[in-house]
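Coordinates from model.txt are shown below (compact mmCIF, N, CA, C and O atoms).
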```txt
# COMPACT_ATOMS: atom_id res chain seq x y z
N MET A 1 32.97 48.27 36.02
CA MET A 1 32.42 49.24 36.93
C MET A 1 31.53 50.20 36.13
O MET A 1 31.98 50.85 35.20
N ASP A 2 30.28 50.26 36.49
CA ASP A 2 29.33 51.14 35.82
C ASP A 2 29.13 52.40 36.64
O ASP A 2 28.69 52.35 37.79
N VAL A 3 29.47 53.53 36.04
CA VAL A 3 29.31 54.82 36.71
C VAL A 3 28.18 55.56 36.01
O VAL A 3 28.17 55.66 34.78
N PRO A 4 27.20 56.07 36.76
CA PRO A 4 26.12 56.83 36.12
C PRO A 4 26.67 58.07 35.42
O PRO A 4 27.65 58.68 35.88
N LEU A 5 26.05 58.42 34.33
CA LEU A 5 26.49 59.56 33.54
C LEU A 5 26.45 60.85 34.36
O LEU A 5 27.38 61.65 34.30
N TRP A 6 25.42 61.04 35.14
CA TRP A 6 25.30 62.27 35.92
C TRP A 6 26.42 62.38 36.95
O TRP A 6 26.91 63.48 37.21
N LEU A 7 26.85 61.26 37.50
CA LEU A 7 27.94 61.29 38.48
C LEU A 7 29.27 61.61 37.81
O LEU A 7 30.06 62.42 38.33
N ALA A 8 29.50 61.03 36.65
CA ALA A 8 30.74 61.32 35.92
C ALA A 8 30.79 62.78 35.51
O ALA A 8 31.84 63.43 35.62
N LEU A 9 29.69 63.34 35.04
CA LEU A 9 29.64 64.74 34.66
C LEU A 9 29.84 65.66 35.86
O LEU A 9 30.51 66.70 35.76
N LEU A 10 29.29 65.27 36.99
CA LEU A 10 29.46 66.07 38.20
C LEU A 10 30.92 66.10 38.64
O LEU A 10 31.45 67.16 38.98
N VAL A 11 31.59 64.96 38.60
CA VAL A 11 33.00 64.89 38.99
C VAL A 11 33.87 65.69 38.03
O VAL A 11 34.75 66.45 38.44
N VAL A 12 33.63 65.53 36.74
CA VAL A 12 34.41 66.27 35.74
C VAL A 12 34.19 67.78 35.89
O VAL A 12 35.14 68.56 35.81
N GLY A 13 32.97 68.18 36.12
CA GLY A 13 32.69 69.60 36.31
C GLY A 13 33.35 70.15 37.55
O GLY A 13 33.92 71.25 37.53
N TYR A 14 33.31 69.41 38.64
CA TYR A 14 33.94 69.86 39.89
C TYR A 14 35.45 69.99 39.72
O TYR A 14 36.04 71.00 40.13
N LEU A 15 36.08 68.98 39.12
CA LEU A 15 37.53 69.05 38.92
C LEU A 15 37.91 70.17 37.96
O LEU A 15 38.93 70.83 38.14
N GLY A 16 37.10 70.38 36.93
CA GLY A 16 37.37 71.45 35.99
C GLY A 16 37.30 72.82 36.64
O GLY A 16 38.13 73.69 36.37
N ILE A 17 36.35 73.00 37.52
CA ILE A 17 36.21 74.29 38.20
C ILE A 17 37.39 74.51 39.15
O ILE A 17 37.95 75.60 39.23
N LYS A 18 37.77 73.47 39.88
CA LYS A 18 38.86 73.62 40.85
C LYS A 18 40.22 73.79 40.17
O LYS A 18 41.06 74.54 40.65
N LEU A 19 40.47 73.08 39.07
CA LEU A 19 41.80 73.10 38.45
C LEU A 19 41.99 74.23 37.45
O LEU A 19 43.03 74.87 37.41
N ILE A 20 40.98 74.47 36.61
CA ILE A 20 41.14 75.44 35.51
C ILE A 20 40.52 76.79 35.84
O ILE A 20 40.97 77.82 35.35
N ARG A 21 39.50 76.81 36.67
CA ARG A 21 38.77 78.02 37.07
C ARG A 21 38.16 78.79 35.88
O ARG A 21 38.39 79.99 35.73
N PRO A 22 37.36 78.08 35.05
CA PRO A 22 36.68 78.78 33.96
C PRO A 22 35.44 79.50 34.48
O PRO A 22 35.04 79.30 35.63
N PRO A 23 34.82 80.33 33.65
CA PRO A 23 33.56 80.98 34.07
C PRO A 23 32.48 79.93 34.32
O PRO A 23 32.45 78.88 33.66
N TRP A 24 31.59 80.20 35.25
CA TRP A 24 30.57 79.21 35.63
C TRP A 24 29.63 78.89 34.49
O TRP A 24 29.17 77.77 34.36
N TRP A 25 29.34 79.87 33.62
CA TRP A 25 28.41 79.62 32.53
C TRP A 25 29.01 78.66 31.50
O TRP A 25 28.30 77.87 30.89
N LEU A 26 30.34 78.71 31.31
CA LEU A 26 30.99 77.80 30.38
C LEU A 26 30.92 76.36 30.88
O LEU A 26 30.67 75.44 30.10
N VAL A 27 31.10 76.18 32.17
CA VAL A 27 31.00 74.84 32.76
C VAL A 27 29.59 74.30 32.59
O VAL A 27 29.39 73.14 32.22
N ALA A 28 28.59 75.14 32.84
CA ALA A 28 27.20 74.71 32.71
C ALA A 28 26.87 74.33 31.28
O ALA A 28 26.22 73.31 31.03
N VAL A 29 27.33 75.11 30.32
CA VAL A 29 27.06 74.80 28.90
C VAL A 29 27.72 73.49 28.50
O VAL A 29 27.11 72.66 27.82
N LEU A 30 28.96 73.27 28.92
CA LEU A 30 29.64 72.03 28.58
C LEU A 30 28.99 70.80 29.22
O LEU A 30 28.86 69.75 28.59
N LEU A 31 28.57 70.93 30.47
CA LEU A 31 27.93 69.80 31.14
C LEU A 31 26.57 69.47 30.52
O LEU A 31 26.27 68.30 30.26
N VAL A 32 25.77 70.48 30.28
CA VAL A 32 24.45 70.23 29.68
C VAL A 32 24.61 69.73 28.25
O VAL A 32 23.91 68.80 27.83
N GLY A 33 25.54 70.31 27.50
CA GLY A 33 25.78 69.86 26.14
C GLY A 33 26.26 68.42 26.08
O GLY A 33 25.83 67.64 25.24
N GLY A 34 27.15 68.04 26.98
CA GLY A 34 27.63 66.66 27.03
C GLY A 34 26.53 65.69 27.40
O GLY A 34 26.43 64.59 26.84
N TYR A 35 25.68 66.09 28.32
CA TYR A 35 24.56 65.24 28.71
C TYR A 35 23.58 65.05 27.56
O TYR A 35 23.11 63.95 27.30
N LEU A 36 23.29 66.13 26.84
CA LEU A 36 22.36 66.04 25.72
C LEU A 36 22.95 65.24 24.57
O LEU A 36 22.23 64.50 23.89
N LEU A 37 24.25 65.36 24.32
CA LEU A 37 24.88 64.57 23.27
C LEU A 37 24.89 63.09 23.60
O LEU A 37 24.79 62.25 22.71
N ALA A 38 25.01 62.75 24.86
CA ALA A 38 25.04 61.35 25.25
C ALA A 38 23.70 60.67 25.01
O ALA A 38 23.64 59.46 24.80
N ASP A 39 22.62 61.42 25.02
CA ASP A 39 21.29 60.86 24.79
C ASP A 39 20.78 61.11 23.37
O ASP A 39 19.63 60.84 23.09
N SER A 40 21.63 61.61 22.49
CA SER A 40 21.16 61.95 21.15
C SER A 40 21.44 60.82 20.16
O SER A 40 21.97 59.77 20.52
N LEU A 41 21.10 61.07 18.91
CA LEU A 41 21.36 60.09 17.86
C LEU A 41 22.85 59.98 17.53
O LEU A 41 23.28 59.03 16.90
N LEU A 42 23.63 60.96 17.96
CA LEU A 42 25.06 60.95 17.69
C LEU A 42 25.86 60.09 18.66
O LEU A 42 27.06 59.90 18.48
N SER A 43 25.21 59.56 19.69
CA SER A 43 25.96 58.80 20.69
C SER A 43 26.66 57.56 20.12
O SER A 43 27.79 57.28 20.54
N PRO A 44 26.08 56.80 19.18
CA PRO A 44 26.85 55.67 18.62
C PRO A 44 28.08 56.14 17.84
O PRO A 44 29.12 55.50 17.88
N VAL A 45 27.98 57.28 17.17
CA VAL A 45 29.13 57.81 16.42
C VAL A 45 30.23 58.24 17.39
O VAL A 45 31.40 57.94 17.18
N ILE A 46 29.84 58.93 18.45
CA ILE A 46 30.82 59.37 19.44
C ILE A 46 31.44 58.16 20.13
O ILE A 46 32.65 58.13 20.36
N ASP A 47 30.63 57.16 20.45
CA ASP A 47 31.13 55.97 21.12
C ASP A 47 32.14 55.23 20.25
O ASP A 47 33.18 54.79 20.74
N SER A 48 31.85 55.10 18.97
CA SER A 48 32.80 54.40 18.09
C SER A 48 34.06 55.23 17.87
O SER A 48 35.15 54.66 17.70
N ALA A 49 33.96 56.54 17.89
CA ALA A 49 35.14 57.39 17.72
C ALA A 49 36.05 57.34 18.94
O ALA A 49 37.27 57.39 18.81
N ILE A 50 35.45 57.18 20.11
CA ILE A 50 36.25 57.12 21.33
C ILE A 50 36.96 55.78 21.45
O ILE A 50 38.09 55.72 21.87
N LYS A 51 36.28 54.72 21.05
CA LYS A 51 36.90 53.39 21.15
C LYS A 51 37.83 53.21 20.00
O LYS A 51 38.83 52.77 19.92
```
Have the structure of the file written as structure tokens, please.
Amino acid sequence: MDVPLWLALLVVGYLGIKLIRPPWWLVAVLLVGGYLLADSLLSPVIDSAIK
């Protein structure tokens, strides 16, 4: 099952806001940072570390 990155980030952000209730700016920074890291040169390193 292939889930688009933007959809996964949207779901994680929504659940994080509902369950943890962090400040909105922190959620935005984490979502944008995660999206930028996924498209960076570090993505193969992160991918191998997760697997």
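Rounded to one decimal, atom CA of Gly34 of chain A and atom CA of Leu5 of chain A lie 9.7 Å from each other.
Relative to atom CA of Leu30 of chain A, atom C of Ile46 of chain A is found at 16.3 Å.
Here atom CA of Leu31 of chain A and atom CA of Asp47 of chain A stand 17.4 Å from one another.
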Chain A from the block above, C-alpha atoms, as an mmCIF file, in the first residue's frame, please?
```
data_model
loop_
_atom_site.group_PDB
_atom_site.id
_atom_site.type_symbol
_atom_site.label_atom_id
_atom_site.label_comp_id
_atom_site.auth_asym_id
_atom_site.auth_seq_id
_atom_site.Cartn_x
_atom_site.Cartn_y
_atom_site.Cartn_z
ATOM 1 C CA MET A 1 0.000 0.000 0.000
ATOM 2 C CA ASP A 2 1.530 3.280 -1.121
ATOM 3 C CA VAL A 3 0.501 6.305 0.907
ATOM 4 C CA PRO A 4 1.531 9.765 -0.313
ATOM 5 C CA LEU A 5 3.886 11.570 2.022
ATOM 6 C CA TRP A 6 1.630 14.607 2.307
ATOM 7 C CA LEU A 7 -1.295 12.428 3.393
ATOM 8 C CA ALA A 8 0.752 10.617 6.025
ATOM 9 C CA LEU A 9 2.034 13.933 7.404
ATOM 10 C CA LEU A 10 -1.483 15.342 7.474
ATOM 11 C CA VAL A 11 -2.809 12.352 9.436
ATOM 12 C CA VAL A 12 0.096 12.406 11.891
ATOM 13 C CA GLY A 13 -0.322 16.137 12.426
ATOM 14 C CA TYR A 14 -4.064 15.837 12.991
ATOM 15 C CA LEU A 15 -3.678 12.996 15.486
ATOM 16 C CA GLY A 16 -0.870 14.829 17.265
ATOM 17 C CA ILE A 17 -2.979 17.933 17.687
ATOM 18 C CA LYS A 18 -6.000 16.000 18.945
ATOM 19 C CA LEU A 19 -4.117 13.687 21.334
ATOM 20 C CA ILE A 20 -1.210 15.757 22.679
ATOM 21 C CA ARG A 21 -2.459 19.337 22.099
ATOM 22 C CA PRO A 22 0.926 20.980 21.409
ATOM 23 C CA PRO A 23 1.249 24.600 20.246
ATOM 24 C CA TRP A 24 0.298 25.063 16.587
ATOM 25 C CA TRP A 25 3.697 26.466 15.627
ATOM 26 C CA LEU A 26 5.458 23.330 16.924
ATOM 27 C CA VAL A 27 3.238 21.101 14.788
ATOM 28 C CA ALA A 28 3.927 23.254 11.726
ATOM 29 C CA VAL A 29 7.702 23.154 12.284
ATOM 30 C CA LEU A 30 7.704 19.376 12.714
ATOM 31 C CA LEU A 31 5.567 18.776 9.635
ATOM 32 C CA VAL A 32 7.568 21.083 7.383
ATOM 33 C CA GLY A 33 10.855 19.762 8.777
ATOM 34 C CA GLY A 34 9.802 16.160 8.190
ATOM 35 C CA TYR A 35 8.722 16.947 4.656
ATOM 36 C CA LEU A 36 12.007 18.699 3.879
ATOM 37 C CA LEU A 37 14.061 15.861 5.389
ATOM 38 C CA ALA A 38 12.215 13.312 3.273
ATOM 39 C CA ASP A 39 13.326 15.116 0.107
ATOM 40 C CA SER A 40 16.888 15.823 1.242
ATOM 41 C CA LEU A 41 20.172 13.988 0.819
ATOM 42 C CA LEU A 42 19.682 12.479 4.277
ATOM 43 C CA SER A 43 16.662 10.423 3.213
ATOM 44 C CA PRO A 44 18.692 7.247 2.389
ATOM 45 C CA VAL A 45 20.377 7.465 5.815
ATOM 46 C CA ILE A 46 17.054 7.913 7.583
ATOM 47 C CA ASP A 47 15.493 5.114 5.537
ATOM 48 C CA SER A 48 18.263 2.664 6.406
ATOM 49 C CA ALA A 49 18.104 3.649 10.084
ATOM 50 C CA ILE A 50 14.370 3.020 10.217
ATOM 51 C CA LYS A 51 14.604 -0.372 8.538
#
```
